[in-house]
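Here is the structure we will look at.
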Amino acid sequence: MLICIENVIDLAMLNAWREAIVAAPDMFADGAKTAGWQAREVKRNQQGQGEVATRITNMAQEKLLAHPVFKAASQPKTIIRTLLSKYEVGMAYGSHVDEALMVGQRVDLSFTLFLNDPESYDGGALIIENLTGEESYKLNAGSVVLYSTTALHRVEEVKSGTRLAIVGWVRSLIRNPQDRETLFDLENLIASLRTAKADRAMIDAALKIRANLMQKWLED
């Protein structure tokens, strides 16, 4: 399952982050140093390091883990790692697949949180491959795309401007992607029943199904 979630980060926080990034240009270093061996050869970007980058990525993690749609779609046990990335003109990230294991933990889902508006830079789209071809993603600032770590993907070359994003990786409580999608659909159904003020017995039945499926599929 691949999902785009709008407005995860509000404008005030985005502006504060961008101002902090502009004020600390020396915090960025060669991004290839953080890539696995197979991705290092095709990675041309910069990665944030130090106190400012850590503060921004920690706040992003808190916002994501508190967001109901992100939580329902990913069923996160933890966000294993986050990186603040910057692409200047001429930078790109060639086709690659993310590591299946990071800091000794299985990785199930990857995400890109866009920090600046798509009109502020040319190129720089996230391209994700699937069975029917390729899909291009260049979302509004504050929005995130969440997708399987097993997917081949790349970032197109930036032609002008600067692309800022936070990328990260999730260890899910639900290992099987089809099971995660089933639970996501069920969460949406339960939300719809509550909004429609459906009969309490119907809501309770849906909650029972969710609890039983979680009991069956959850890996704590």
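Ordering of the structure tokens sets the chain letters (A, B, ...), residue numbers begin anew at 1 in every chain, and ligands are numbered from 1 in the order given.
Omitting region 1-16 of chain A and its sequence neighbours fewer than 2 positions away, and counting only C-alpha atoms, the residues within 6 Å are A:Arg18, A:Glu19, A:Gly142, A:Ser143, A:Val144, A:Val145, A:Leu146, A:Tyr147.
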Check the DSSP output for the backbone and give back, as number ranges by chain, the residues of region 71-138 of chain A in strand (DSSP E or B). A: 76-87, 92-96, 101-102, 105-106, 109-114, 121-123, 126-130, 133-137
Write a file of the just-selected residues containing C-alpha atoms, as an mmCIF file, in the first residue's frame.
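Dumped to selection-v3.cif:
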data_model
loop_
_atom_site.group_PDB
_atom_site.id
_atom_site.type_symbol
_atom_site.label_atom_id
_atom_site.label_comp_id
_atom_site.auth_asym_id
_atom_site.auth_seq_id
_atom_site.Cartn_x
_atom_site.Cartn_y
_atom_site.Cartn_z
ATOM 1 C CA PRO A 76 4.217 1.805 13.739
ATOM 2 C CA LYS A 77 6.217 0.069 16.401
ATOM 3 C CA THR A 78 8.875 2.715 15.936
ATOM 4 C CA ILE A 79 10.366 5.098 13.438
ATOM 5 C CA ILE A 80 13.809 3.585 13.187
ATOM 6 C CA ARG A 81 15.634 6.464 11.558
ATOM 7 C CA THR A 82 15.028 9.899 10.049
ATOM 8 C CA LEU A 83 17.288 12.063 7.913
ATOM 9 C CA LEU A 84 17.039 15.691 6.826
ATOM 10 C CA SER A 85 18.018 15.814 3.151
ATOM 11 C CA LYS A 86 18.794 18.647 0.775
ATOM 12 C CA TYR A 87 19.135 18.544 -3.013
ATOM 13 C CA ALA A 92 19.731 13.391 -7.645
ATOM 14 C CA TYR A 93 19.345 9.916 -6.167
ATOM 15 C CA GLY A 94 19.374 7.084 -8.678
ATOM 16 C CA SER A 95 17.158 4.014 -8.602
ATOM 17 C CA HIS A 96 17.625 1.957 -5.447
ATOM 18 C CA LEU A 101 17.597 -3.921 8.197
ATOM 19 C CA MET A 102 18.649 -0.729 10.007
ATOM 20 C CA GLN A 105 15.696 -3.804 13.169
ATOM 21 C CA ARG A 106 13.534 -4.887 10.244
ATOM 22 C CA LEU A 109 7.925 1.203 5.324
ATOM 23 C CA SER A 110 9.746 4.228 3.983
ATOM 24 C CA PHE A 111 8.472 7.795 3.856
ATOM 25 C CA THR A 112 9.334 11.180 2.397
ATOM 26 C CA LEU A 113 8.069 14.310 4.146
ATOM 27 C CA PHE A 114 8.288 17.309 1.805
ATOM 28 C CA TYR A 121 12.221 23.917 -7.281
ATOM 29 C CA ASP A 122 12.241 22.242 -10.702
ATOM 30 C CA GLY A 123 12.792 18.498 -10.941
ATOM 31 C CA LEU A 126 10.196 11.114 -6.039
ATOM 32 C CA ILE A 127 9.656 8.300 -8.552
ATOM 33 C CA ILE A 128 8.351 4.985 -7.192
ATOM 34 C CA GLU A 129 8.244 1.907 -9.397
ATOM 35 C CA ASN A 130 5.399 -0.603 -9.292
ATOM 36 C CA GLY A 133 5.194 1.307 -14.304
ATOM 37 C CA GLU A 134 6.253 4.409 -12.399
ATOM 38 C CA GLU A 135 4.468 7.011 -10.291
ATOM 39 C CA SER A 136 5.794 10.529 -9.656
ATOM 40 C CA TYR A 137 5.344 12.327 -6.322
#
Would you list the contacts of Ala29 (chain A) as a ChimeraX atom specification, taking every protein, DNA or RNA residue within 8 Å and counting only C-alpha atoms, but skipping same-chain residues closer than 2 positions in sequence? /A:26-27,31,46-49
Alpha helix (DSSP H) residues, from DSSP on the backbone, in chain A, as an MDAnalysis selection string: chainID A and resid 11:23 37:40 51:66 68:74 177:195 200:217
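Going from CA of Asp185 (chain A) over to CA of Glu219 (chain A), you cover 19.5 Å.
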Dump as a tab-separated table the rows for residues of region 52-171 of chain A within 12 Å of region 189-207 of chain A: closest atom pair and distance in Å with one decimal, only C-alpha atoms counted, ordered by chain and rising residue number.
residue	atom	partner	partner_atom	distance
A:Pro68	CA	A:Ala191	CA	10.8
A:Val69	CA	A:Ala191	CA	11.0
A:Ala72	CA	A:Ala191	CA	11.1
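Among the candidates A:Ser160, A:Ser172, A:Ser120, A:Thr150, the one nearest to Asp98 (chain A) when counting only C-alpha atoms is A:Thr150.
In this model, the gap between CA of Ala66 (chain A) and CA of Arg210 (chain A) comes to 19.8 Å.
You will find CA of Gln75 (chain A) at 14.0 Å from CA of Gln61 (chain A).
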Go through A:Phe184, A:Pro177, A:Trp17, A:Asp30 one by one, measure the shortest atom-to-atom distance of each to Ile56 (chain A) using only C-alpha atoms, and give the residue with the smallest value. A:Trp17
Find the spatial neighbours of Lys216 (chain A), counting only C-alpha atoms, within a cut-off of 12 Å - ignore same-chain residues fewer than 3 positions away - and output them as a list in words. Leu173, Ile174, Arg175, Asn176, Asp179, Leu183, Ile209, Arg210, Ala211, Asn212, Leu213, Glu219 and Asp220 of chain A
